[in-house]
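The next block is data_14.csv, given as CSV, C-alpha atoms.
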chain,number,residue,atom,x,y,z
K,1392,MET,CA,74.6,116.9,146.4
K,1393,ASN,CA,77.3,119.5,146.4
K,1394,ASN,CA,80.5,120.2,148.3
K,1395,THR,CA,79.3,122.9,150.6
K,1396,LEU,CA,79.6,122.1,154.3
K,1397,GLU,CA,76.6,121.0,156.1
K,1398,ARG,CA,75.5,123.8,158.4
K,1399,SER,CA,73.2,123.6,161.4
K,1400,ALA,CA,70.3,126.0,161.8
K,1401,GLY,CA,71.5,129.5,162.7
K,1402,ILE,CA,70.6,131.4,165.8
K,1403,GLU,CA,69.0,134.9,165.7
K,1404,PHE,CA,70.2,136.9,168.7
K,1405,TRP,CA,68.0,139.8,169.8
K,1406,PHE,CA,69.6,142.1,172.3
K,1407,ASP,CA,69.9,145.7,173.5
K,1408,PHE,CA,73.1,147.3,174.8
K,1409,GLY,CA,71.3,148.7,177.8
K,1410,SER,CA,70.1,145.2,178.9
K,1411,ASN,CA,72.3,143.6,181.6
K,1412,TYR,CA,71.4,140.1,180.8
K,1413,SER,CA,72.1,140.8,177.1
K,1414,TYR,CA,75.6,141.7,178.3
K,1415,LEU,CA,76.2,138.1,179.5
K,1416,SER,CA,75.0,136.7,176.1
K,1417,VAL,CA,77.0,139.1,174.0
K,1418,MET,CA,80.1,138.0,175.8
K,1419,ARG,CA,79.3,134.3,175.6
K,1420,ILE,CA,77.5,133.6,172.3
K,1421,GLY,CA,80.4,133.8,169.9
K,1422,GLU,CA,82.4,131.1,171.5
K,1423,LEU,CA,79.4,128.8,172.1
K,1424,ALA,CA,78.2,129.3,168.5
K,1425,ARG,CA,81.7,128.6,167.0
K,1426,ARG,CA,82.1,125.5,169.1
K,1427,ASN,CA,78.8,124.1,167.8
K,1428,ASN,CA,79.1,125.3,164.2
K,1429,VAL,CA,76.0,127.6,164.5
K,1430,ALA,CA,75.8,130.9,162.5
K,1431,ILE,CA,74.7,134.0,164.5
K,1432,THR,CA,72.4,136.6,163.1
K,1433,TRP,CA,72.9,139.7,165.2
K,1434,ARG,CA,69.6,141.5,165.8
K,1435,PRO,CA,70.2,144.6,167.9
K,1436,VAL,CA,66.9,146.2,169.0
K,1437,LEU,CA,65.6,148.9,171.4
K,1438,LEU,CA,63.8,147.5,174.3
K,1439,GLY,CA,62.4,150.9,175.3
K,1440,PRO,CA,59.6,150.9,172.7
K,1441,ILE,CA,58.8,147.3,173.5
K,1442,PHE,CA,58.5,148.0,177.2
K,1443,LYS,CA,56.4,151.1,176.4
K,1444,SER,CA,54.0,149.0,174.4
K,1445,PHE,CA,53.4,147.1,177.7
K,1446,GLY,CA,52.7,150.4,179.5
K,1447,TRP,CA,56.1,150.4,181.2
K,1448,GLU,CA,58.1,153.7,181.2
K,1449,THR,CA,61.4,152.0,181.9
K,1450,SER,CA,63.0,148.6,182.6
K,1451,PRO,CA,60.9,146.2,184.8
K,1452,PHE,CA,64.0,146.0,187.0
K,1453,VAL,CA,63.5,149.6,187.8
K,1454,LEU,CA,59.8,149.4,188.0
K,1455,GLN,CA,59.7,146.4,190.4
K,1456,GLU,CA,61.9,147.4,193.3
K,1457,GLU,CA,62.2,143.9,194.8
K,1458,LYS,CA,63.2,142.2,191.6
K,1459,GLY,CA,65.5,145.1,190.8
K,1460,ARG,CA,67.4,144.7,194.1
K,1461,TYR,CA,67.9,141.0,193.4
K,1462,VAL,CA,69.0,141.4,189.8
K,1463,TRP,CA,72.3,143.1,190.8
K,1464,THR,CA,73.2,140.4,193.2
K,1465,ASP,CA,72.4,137.8,190.5
K,1466,MET,CA,74.5,139.7,187.9
K,1467,ALA,CA,77.5,139.8,190.2
K,1468,ARG,CA,77.2,136.0,190.7
K,1469,GLN,CA,76.6,135.2,187.1
K,1470,CYS,CA,79.6,137.3,186.0
K,1471,GLU,CA,81.8,135.5,188.5
K,1472,LYS,CA,80.4,132.1,187.2
K,1473,PHE,CA,81.2,133.0,183.6
K,1474,GLY,CA,84.5,134.8,184.3
K,1475,LEU,CA,83.3,138.2,183.1
K,1476,PRO,CA,84.2,141.6,184.6
K,1477,TRP,CA,81.3,143.4,186.3
K,1478,GLN,CA,80.5,146.8,187.7
K,1479,ARG,CA,77.0,147.8,188.4
K,1480,PRO,CA,76.1,150.6,186.1
K,1481,SER,CA,75.6,153.9,187.9
K,1482,THR,CA,73.0,154.7,185.3
K,1483,PHE,CA,70.4,152.0,184.4
K,1484,PRO,CA,69.2,151.4,181.8
K,1485,ARG,CA,71.8,153.4,179.8
K,1486,HIS,CA,70.7,155.1,176.5
K,1487,SER,CA,71.7,152.8,173.7
K,1488,LEU,CA,70.2,154.4,170.6
K,1489,LEU,CA,73.4,155.2,168.8
K,1490,PRO,CA,75.3,151.9,169.3
K,1491,VAL,CA,72.1,149.9,168.5
K,1492,ARG,CA,71.8,151.8,165.2
K,1493,VAL,CA,75.4,151.2,164.4
K,1494,ALA,CA,75.2,147.5,165.3
K,1495,LEU,CA,72.1,147.2,163.1
K,1496,SER,CA,73.7,149.0,160.2
K,1497,CYS,CA,76.9,146.9,160.6
K,1498,ALA,CA,75.3,143.6,161.6
K,1499,ASN,CA,76.9,141.6,158.8
K,1500,GLU,CA,80.4,143.0,159.3
K,1501,PRO,CA,83.1,140.5,160.3
K,1502,TRP,CA,83.9,142.7,163.4
K,1503,ILE,CA,80.4,142.9,164.7
K,1504,GLU,CA,80.9,140.5,167.6
K,1505,ASP,CA,84.0,142.4,168.7
K,1506,PHE,CA,82.2,145.8,168.5
K,1507,CYS,CA,79.2,144.5,170.5
K,1508,LYS,CA,81.5,143.2,173.2
K,1509,ARG,CA,83.3,146.5,173.5
K,1510,VAL,CA,80.0,148.4,173.9
K,1511,MET,CA,78.8,146.0,176.5
K,1512,LEU,CA,82.1,146.1,178.5
K,1513,ARG,CA,82.0,149.9,178.4
K,1514,ASN,CA,78.5,149.8,180.0
K,1515,PHE,CA,78.7,146.9,182.4
K,1516,ALA,CA,82.4,146.7,183.3
K,1517,ALA,CA,83.7,150.3,182.9
K,1518,ASP,CA,80.4,151.9,183.9
K,1519,GLN,CA,80.6,154.5,181.2
K,1520,ASP,CA,78.0,156.0,178.8
K,1521,ILE,CA,77.7,154.3,175.4
K,1522,ASN,CA,75.6,156.7,173.4
K,1523,ASP,CA,78.0,159.4,172.3
K,1524,GLU,CA,79.5,159.6,168.8
K,1525,GLN,CA,83.1,159.8,170.0
K,1526,SER,CA,83.2,156.7,172.1
K,1527,VAL,CA,81.2,154.7,169.6
K,1528,ALA,CA,83.6,155.7,166.8
K,1529,GLY,CA,86.5,154.8,169.1
K,1530,MET,CA,85.1,151.3,169.7
K,1531,LEU,CA,84.4,150.9,165.9
K,1532,ALA,CA,88.1,151.7,165.2
K,1533,GLN,CA,89.3,149.3,167.9
K,1534,SER,CA,87.1,146.6,166.4
K,1535,GLY,CA,88.6,146.9,163.0
K,1536,CYS,CA,86.0,149.1,161.2
K,1537,ALA,CA,87.9,150.8,158.4
K,1538,ASP,CA,86.0,154.1,158.5
K,1539,PRO,CA,84.3,154.7,161.8
K,1540,ALA,CA,83.1,158.2,161.0
K,1541,ALA,CA,81.3,156.9,157.9
K,1542,ALA,CA,79.8,154.0,159.8
K,1543,VAL,CA,78.4,156.4,162.5
K,1544,ALA,CA,77.1,158.7,159.8
K,1545,ALA,CA,75.4,155.8,157.9
K,1546,ALA,CA,73.9,154.6,161.2
K,1547,GLN,CA,72.2,157.9,161.7
K,1548,GLY,CA,71.0,158.2,158.1
K,1549,GLU,CA,67.2,158.2,157.4
K,1550,ALA,CA,67.4,154.7,155.9
K,1551,ASN,CA,68.9,153.1,158.9
K,1552,LYS,CA,66.7,155.0,161.3
K,1553,LEU,CA,63.7,153.5,159.5
K,1554,LYS,CA,65.3,150.1,159.5
K,1555,LEU,CA,65.6,150.2,163.3
K,1556,LYS,CA,61.9,151.2,163.6
K,1557,GLU,CA,61.1,148.2,161.4
K,1558,GLN,CA,63.4,145.9,163.4
K,1559,THR,CA,61.6,146.9,166.6
K,1560,ALA,CA,58.2,146.4,165.1
K,1561,ARG,CA,59.4,143.0,163.9
K,1562,ALA,CA,60.5,142.1,167.4
K,1563,LYS,CA,57.1,143.0,168.8
K,1564,ALA,CA,55.4,141.0,166.1
K,1565,LEU,CA,57.6,138.0,166.9
K,1566,GLY,CA,56.5,138.2,170.6
K,1567,VAL,CA,59.8,139.5,172.0
K,1568,PHE,CA,59.1,140.8,175.5
K,1569,GLY,CA,62.7,141.2,176.9
K,1570,ALA,CA,66.3,140.6,176.0
K,1571,PRO,CA,68.3,138.6,175.3
K,1572,THR,CA,65.9,136.6,173.1
K,1573,PHE,CA,67.0,133.9,170.7
K,1574,PHE,CA,65.1,132.3,167.7
K,1575,VAL,CA,66.1,129.0,166.2
K,1576,ASN,CA,63.9,127.7,163.4
K,1577,GLY,CA,61.1,129.9,164.6
K,1578,GLU,CA,61.4,128.7,168.2
K,1579,MET,CA,61.8,131.4,170.9
K,1580,PHE,CA,64.3,131.1,173.8
K,1581,TRP,CA,64.3,133.9,176.3
K,1582,GLY,CA,67.1,134.9,178.6
K,1583,ASN,CA,70.8,134.3,179.0
K,1584,ASP,CA,69.8,131.2,181.0
K,1585,ARG,CA,68.5,129.6,177.8
K,1586,LEU,CA,71.4,130.5,175.5
K,1587,ALA,CA,73.1,127.1,175.8
K,1588,ASP,CA,69.7,125.4,175.2
K,1589,ALA,CA,69.1,127.5,172.1
K,1590,ILE,CA,72.6,126.8,170.7
K,1591,GLU,CA,72.1,123.1,171.4
K,1592,PHE,CA,68.8,123.2,169.6
K,1593,ALA,CA,70.4,125.0,166.7
K,1594,SER,CA,73.2,122.4,166.4
K,1595,ARG,CA,70.6,119.6,166.3
K,1596,SER,CA,68.3,121.3,163.8
D,314,MET,CA,85.3,118.8,218.8
D,315,ASN,CA,82.5,116.3,218.9
D,316,ASN,CA,81.3,113.4,216.8
D,317,THR,CA,78.4,115.1,215.1
D,318,LEU,CA,78.7,115.1,211.3
D,319,GLU,CA,79.7,118.4,209.8
D,320,ARG,CA,76.7,119.8,208.0
D,321,SER,CA,76.6,122.4,205.3
D,322,ALA,CA,74.4,125.4,205.5
D,323,GLY,CA,70.8,124.5,204.8
D,324,ILE,CA,68.6,125.8,202.1
D,325,GLU,CA,65.3,127.6,202.7
D,326,PHE,CA,62.9,126.7,199.9
D,327,TRP,CA,60.0,129.1,199.4
D,328,PHE,CA,57.3,127.9,196.9
D,329,ASP,CA,53.6,127.9,196.1
D,330,PHE,CA,51.8,124.9,194.7
D,331,GLY,CA,50.2,127.2,192.1
D,332,SER,CA,53.5,128.3,190.7
D,333,ASN,CA,54.7,126.4,187.6
D,334,TYR,CA,58.4,127.0,188.1
D,335,SER,CA,58.0,125.9,191.8
D,336,TYR,CA,56.8,122.6,190.3
D,337,LEU,CA,60.2,122.0,188.7
D,338,SER,CA,62.0,122.8,192.0
D,339,VAL,CA,59.8,120.7,194.2
D,340,MET,CA,60.5,117.7,191.9
D,341,ARG,CA,64.3,118.3,191.9
D,342,ILE,CA,65.3,119.7,195.2
D,343,GLY,CA,65.2,116.6,197.3
D,344,GLU,CA,67.7,114.6,195.2
D,345,LEU,CA,70.0,117.6,194.7
D,346,ALA,CA,70.0,118.4,198.4
D,347,ARG,CA,70.7,114.8,199.5
D,348,ARG,CA,73.5,114.4,197.0
D,349,ASN,CA,75.1,117.5,198.5
D,350,ASN,CA,74.3,116.9,202.2
D,351,VAL,CA,72.2,120.1,202.4
D,352,ALA,CA,69.2,120.2,204.7
D,353,ILE,CA,66.0,121.6,203.3
D,354,THR,CA,63.6,123.9,205.2
D,355,TRP,CA,60.3,123.8,203.4
D,356,ARG,CA,58.6,127.2,203.3
D,357,PRO,CA,55.3,127.0,201.5
D,358,VAL,CA,53.8,130.5,200.9
D,359,LEU,CA,50.9,132.1,199.0
D,360,LEU,CA,52.2,134.2,196.1
D,361,GLY,CA,48.7,135.8,195.6
D,362,PRO,CA,49.1,138.4,198.5
D,363,ILE,CA,52.7,139.1,197.4
D,364,PHE,CA,51.6,139.8,193.9
D,365,LYS,CA,48.7,141.9,195.2
D,366,SER,CA,51.2,144.0,197.2
D,367,PHE,CA,52.8,144.9,193.8
D,368,GLY,CA,49.3,145.9,192.4
D,369,TRP,CA,48.9,142.7,190.4
D,370,GLU,CA,45.6,140.9,190.6
D,371,THR,CA,47.0,137.6,189.4
D,372,SER,CA,50.2,135.9,188.1
D,373,PRO,CA,52.5,138.1,185.9
D,374,PHE,CA,52.3,135.2,183.4
D,375,VAL,CA,48.6,136.0,183.0
D,376,LEU,CA,49.0,139.7,183.1
D,377,GLN,CA,51.8,139.9,180.5
D,378,GLU,CA,50.4,138.1,177.5
D,379,GLU,CA,53.7,137.8,175.6
D,380,LYS,CA,55.6,136.4,178.5
D,381,GLY,CA,52.7,134.1,179.4
D,382,ARG,CA,52.7,132.5,175.9
D,383,TYR,CA,56.4,131.9,176.1
D,384,VAL,CA,56.3,130.4,179.6
D,385,TRP,CA,54.3,127.3,178.5
D,386,THR,CA,56.8,126.6,175.7
D,387,ASP,CA,59.6,127.0,178.2
D,388,MET,CA,57.9,124.7,180.7
D,389,ALA,CA,57.4,121.9,178.2
D,390,ARG,CA,61.1,122.1,177.3
D,391,GLN,CA,62.3,122.3,180.9
D,392,CYS,CA,60.2,119.3,181.9
D,393,GLU,CA,61.6,117.3,179.0
D,394,LYS,CA,65.1,118.3,180.0
D,395,PHE,CA,64.6,117.2,183.6
D,396,GLY,CA,62.6,114.1,182.7
D,397,LEU,CA,59.4,115.3,184.4
D,398,PRO,CA,55.8,114.7,183.2
D,399,TRP,CA,54.0,117.9,182.0
D,400,GLN,CA,50.5,118.9,181.1
D,401,ARG,CA,49.7,122.6,180.8
D,402,PRO,CA,47.1,123.3,183.5
D,403,SER,CA,43.7,124.2,182.1
D,404,THR,CA,43.3,126.6,185.1
D,405,PHE,CA,46.2,128.8,186.0
D,406,PRO,CA,47.2,129.8,188.6
D,407,ARG,CA,45.2,127.1,190.6
D,408,HIS,CA,44.0,127.9,194.0
D,409,SER,CA,46.5,126.4,196.5
D,410,LEU,CA,45.3,127.7,199.9
D,411,LEU,CA,44.5,124.3,201.5
D,412,PRO,CA,47.6,122.4,200.4
D,413,VAL,CA,49.8,125.4,201.3
D,414,ARG,CA,48.3,125.5,204.8
D,415,VAL,CA,48.8,121.7,205.1
D,416,ALA,CA,52.4,121.9,203.9
D,417,LEU,CA,53.1,124.7,206.4
D,418,SER,CA,51.6,122.8,209.3
D,419,CYS,CA,53.4,119.7,208.3
D,420,ALA,CA,56.7,121.2,207.1
D,421,ASN,CA,58.8,119.2,209.4
D,422,GLU,CA,57.2,115.8,208.8
D,423,PRO,CA,59.4,113.1,207.2
D,424,TRP,CA,56.9,112.8,204.4
D,425,ILE,CA,56.7,116.5,203.5
D,426,GLU,CA,58.8,116.1,200.2
D,427,ASP,CA,56.6,113.3,199.0
D,428,PHE,CA,53.4,115.2,199.8
D,429,CYS,CA,54.6,118.3,198.0
D,430,LYS,CA,55.6,116.3,194.9
D,431,ARG,CA,52.1,114.7,194.8
D,432,VAL,CA,50.3,118.0,195.0
D,433,MET,CA,52.6,119.4,192.2
D,434,LEU,CA,52.1,116.4,190.0
D,435,ARG,CA,48.3,116.7,190.4
D,436,ASN,CA,48.4,120.3,189.3
D,437,PHE,CA,51.0,120.2,186.5
D,438,ALA,CA,50.9,116.6,185.2
D,439,ALA,CA,47.4,115.4,185.9
D,440,ASP,CA,45.8,118.9,185.4
D,441,GLN,CA,43.5,118.5,188.4
D,442,ASP,CA,42.4,120.9,191.1
D,443,ILE,CA,44.5,120.7,194.3
D,444,ASN,CA,42.4,122.8,196.8
D,445,ASP,CA,39.7,120.4,198.0
D,446,GLU,CA,39.8,118.5,201.3
D,447,GLN,CA,39.2,115.1,199.8
D,448,SER,CA,42.1,115.1,197.3
D,449,VAL,CA,44.5,116.7,199.8
D,450,ALA,CA,43.6,114.1,202.4
D,451,GLY,CA,44.1,111.4,199.8
D,452,MET,CA,47.6,112.7,199.0
D,453,LEU,CA,48.4,112.9,202.7
D,454,ALA,CA,47.5,109.2,203.1
D,455,GLN,CA,49.6,108.2,200.1
D,456,SER,CA,52.5,110.1,201.4
D,457,GLY,CA,52.5,108.3,204.8
D,458,CYS,CA,50.6,110.7,207.0
D,459,ALA,CA,49.1,108.6,209.8
D,460,ASP,CA,46.0,110.7,210.2
D,461,PRO,CA,45.1,112.8,207.1
D,462,ALA,CA,41.8,114.0,208.5
D,463,ALA,CA,43.5,115.4,211.6
D,464,ALA,CA,46.2,117.0,209.5
D,465,VAL,CA,43.6,118.7,207.3
D,466,ALA,CA,41.7,119.9,210.4
D,467,ALA,CA,44.9,121.3,212.0
D,468,ALA,CA,45.9,123.0,208.8
D,469,GLN,CA,42.6,124.9,208.9
D,470,GLY,CA,42.7,125.8,212.6
D,471,GLU,CA,43.1,129.4,213.6
D,472,ALA,CA,46.7,129.0,214.8
D,473,ASN,CA,47.8,127.7,211.4
D,474,LYS,CA,45.8,130.3,209.5
D,475,LEU,CA,47.7,132.9,211.5
D,476,LYS,CA,51.0,131.2,210.9
D,477,LEU,CA,50.5,131.3,207.1
D,478,LYS,CA,49.7,135.0,207.3
D,479,GLU,CA,52.9,135.5,209.2
D,480,GLN,CA,54.8,133.3,206.8
D,481,THR,CA,53.6,135.5,203.9
D,482,ALA,CA,54.5,138.7,205.7
D,483,ARG,CA,57.9,137.2,206.3
D,484,ALA,CA,58.4,136.4,202.7
D,485,LYS,CA,57.5,140.0,201.8
D,486,ALA,CA,59.9,141.3,204.4
D,487,LEU,CA,62.7,139.1,203.0
D,488,GLY,CA,62.1,140.6,199.5
D,489,VAL,CA,60.5,137.5,198.0
D,490,PHE,CA,58.9,138.6,194.7
D,491,GLY,CA,58.2,135.3,193.0
D,492,ALA,CA,58.7,131.5,193.4
D,493,PRO,CA,60.6,129.4,193.7
D,494,THR,CA,63.0,131.4,195.9
D,495,PHE,CA,65.9,130.0,197.9
D,496,PHE,CA,67.8,131.4,200.8
D,497,VAL,CA,71.2,130.1,201.9
D,498,ASN,CA,72.9,132.0,204.8
D,499,GLY,CA,70.7,135.0,204.1
D,500,GLU,CA,71.6,135.1,200.4
D,501,MET,CA,68.6,135.0,198.0
D,502,PHE,CA,68.5,132.9,194.8
D,503,TRP,CA,65.4,133.3,192.6
D,504,GLY,CA,64.0,130.8,190.2
D,505,ASN,CA,64.4,127.1,189.3
D,506,ASP,CA,67.3,128.2,187.1
D,507,ARG,CA,69.2,129.1,190.3
D,508,LEU,CA,68.4,125.9,192.3
D,509,ALA,CA,71.7,124.2,191.5
D,510,ASP,CA,73.7,127.4,192.3
D,511,ALA,CA,71.9,127.7,195.6
D,512,ILE,CA,72.6,124.1,196.5
D,513,GLU,CA,76.2,124.5,195.5
D,514,PHE,CA,76.5,127.6,197.6
D,515,ALA,CA,74.9,125.8,200.6
D,516,SER,CA,77.3,122.9,200.3
D,517,ARG,CA,80.3,125.3,200.3
D,518,SER,CA,79.0,127.4,203.2
Before we go any further, please render this structure as structure tokens.
Amino acid sequence: MNNTLERSAGIEFWFDFGSNYSYLSVMRIGELARRNNVAITWRPVLLGPIFKSFGWETSPFVLQEEKGRYVWTDMARQCEKFGLPWQRPSTFPRHSLLPVRVALSCANEPWIEDFCKRVMLRNFAADQDINDEQSVAGMLAQSGCADPAAAVAAAQGEANKLKLKEQTARAKALGVFGAPTFFVNGEMFWGNDRLADAIEFASRS
Amino acid sequence: MNNTLERSAGIEFWFDFGSNYSYLSVMRIGELARRNNVAITWRPVLLGPIFKSFGWETSPFVLQEEKGRYVWTDMARQCEKFGLPWQRPSTFPRHSLLPVRVALSCANEPWIEDFCKRVMLRNFAADQDINDEQSVAGMLAQSGCADPAAAVAAAQGEANKLKLKEQTARAKALGVFGAPTFFVNGEMFWGNDRLADAIEFASRS
């Protein structure tokens, strides 16, 4: 026995800044996790290479026209339901390599949640590109990162590039096929529609 | 002004007996609709021709191995959540042509909900085939159909065969790309995860 607080199982949160349903979860997960005393491990990943491994050249929402049309209606409704701003991106899916690298490199920083929300809002509420150094550095500064230029440089260093390749390979090995995906005690939950279930499972585990 | 009761917009419910997420909605929709005073229009359809029109030879859950694996975990959890019996079908997707034809031909019968539930339970709780005349006639009898043999014969008549082809073409034209799908006042809602939203929208419309 010791005097550390009992903690529930944590939640691993796999997401890509280009993924619209990941937007919903990035905006919601922090509050849900805090309310249930669940620790979040942020796992930014590139969906592109995962989709390519299935033989898809882009998002399934682009490849399958019928589902794609529906998805934007669904997104507008879901954002209204959760009280989130929404503008359909004029480019989809947006390139997300740089912010994904930064989020990976900075995944344990206290301001990671704030940074991820800013990137998502830029993509899905302001309809602006998210992959250039200047805007990424600006969002880092707004989030409380002390040295945005150094963070961007580190994110683009060889070590972090390799780390992202390994992160993506690990996602594949875990069976990740889309985003957002959550793992709790090795159990997979897929989609923003299962975020609450995953948090609940984590708080019971 | 007259003395008819005010009725909300109805809900059109498109489903296939071979579809596992349709199972969840067939079991849930009746109670939800009654509680919200929403009329259901039952729209049985064959997903096979719709999938073929996308170039898929079978269910996307079979074609995409990673998603397929996850779906059965998700189904077990969803059934537990909704208090529904569950056994992963040893054959998936099961042939559903005969019960779909019967449900189409009998869509306005007072026992249609009961019949649809029985077919779904046979597939997803008892793990038995659903496409033979004897078991379909048996389920019709249990549901309160006065003349199951006549119902099966009518379902397989040329007029009803043509009606199902038209029903499937209509689903395609409406943009249906999977099941369950709901329409309320021309608005599409896809998936059992959106059933409650669709019912709520119908009760407000």
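For the atom pair formed by CA of Ala1430 (chain K) and CA of Gly1548 (chain K), the distance is 28.1 Å, given to one decimal.
Rounded to one decimal, CA of Asp1538 (chain K) and CA of Leu1553 (chain K) lie 22.3 Å from each other.
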Discussion item. Just to confirm, what's the straight-line distance from CA of Pro1440 (chain K) to CA of Leu376 (chain D) in Å (one decimal)?
Written reply: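 Between CA of Pro1440 (chain K) and CA of Leu376 (chain D) the gap is 18.6 Å.
The closest residue to chain D, picked from K:Asp1465, K:Glu1448, K:Glu1524, K:Asp1407 and counting only C-alpha atoms, is K:Asp1465.
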Practice prompt. Restrict the distance test to only C-alpha atoms, flag each residue of chain D within 9 Å of chain K, and return the flagged residues as a PyMOL selection string.
Written response: chain D and resi 367+377+379-380+382-383+386-387+488-491+501-503+506
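Close to (66.4, 131.1, 199.4), meaning no more than 10 Å away when counting all atoms listed in the file, sit the residues Gly323, Ile324, Glu325, Phe326, Trp327, Phe328, Thr354, Arg356, Leu487, Val489, Ala492, Pro493, Thr494, Phe495, Phe496, Val497, Asn498, Gly499, Glu500, Met501, Phe502, Trp503, Gly504, Arg507, Leu508, Ala511 and Ile512 of chain D.
Closest to Gly1421 (chain K) among K:Cys1507, K:Ala1517, K:Ala1544, K:Ala1550 is K:Cys1507, based on only C-alpha atoms.
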Fill in: Test item: which residues lie within 8 Å of (72.3, 148.8, 167.2) counting all atoms listed in the file, as a list in words
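Protein, DNA and RNA residues close to (72.3, 148.8, 167.2): Asp1407, Phe1408, Arg1434, Pro1435, Val1436, Leu1437, Ser1487, Leu1488, Leu1489, Pro1490, Val1491, Arg1492, Val1493, Ala1494, Leu1495, Ser1496 and Leu1555 of chain K.
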Worksheet item: Near Pro423 (chain D), within 10 Å and counting only C-alpha atoms, which residues show up once chain neighbours fewer than 5 positions away are dropped, as a list of chain:residue names?
Response: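 That gives D:Phe428, D:Ser456, D:Gly457, D:Cys458.
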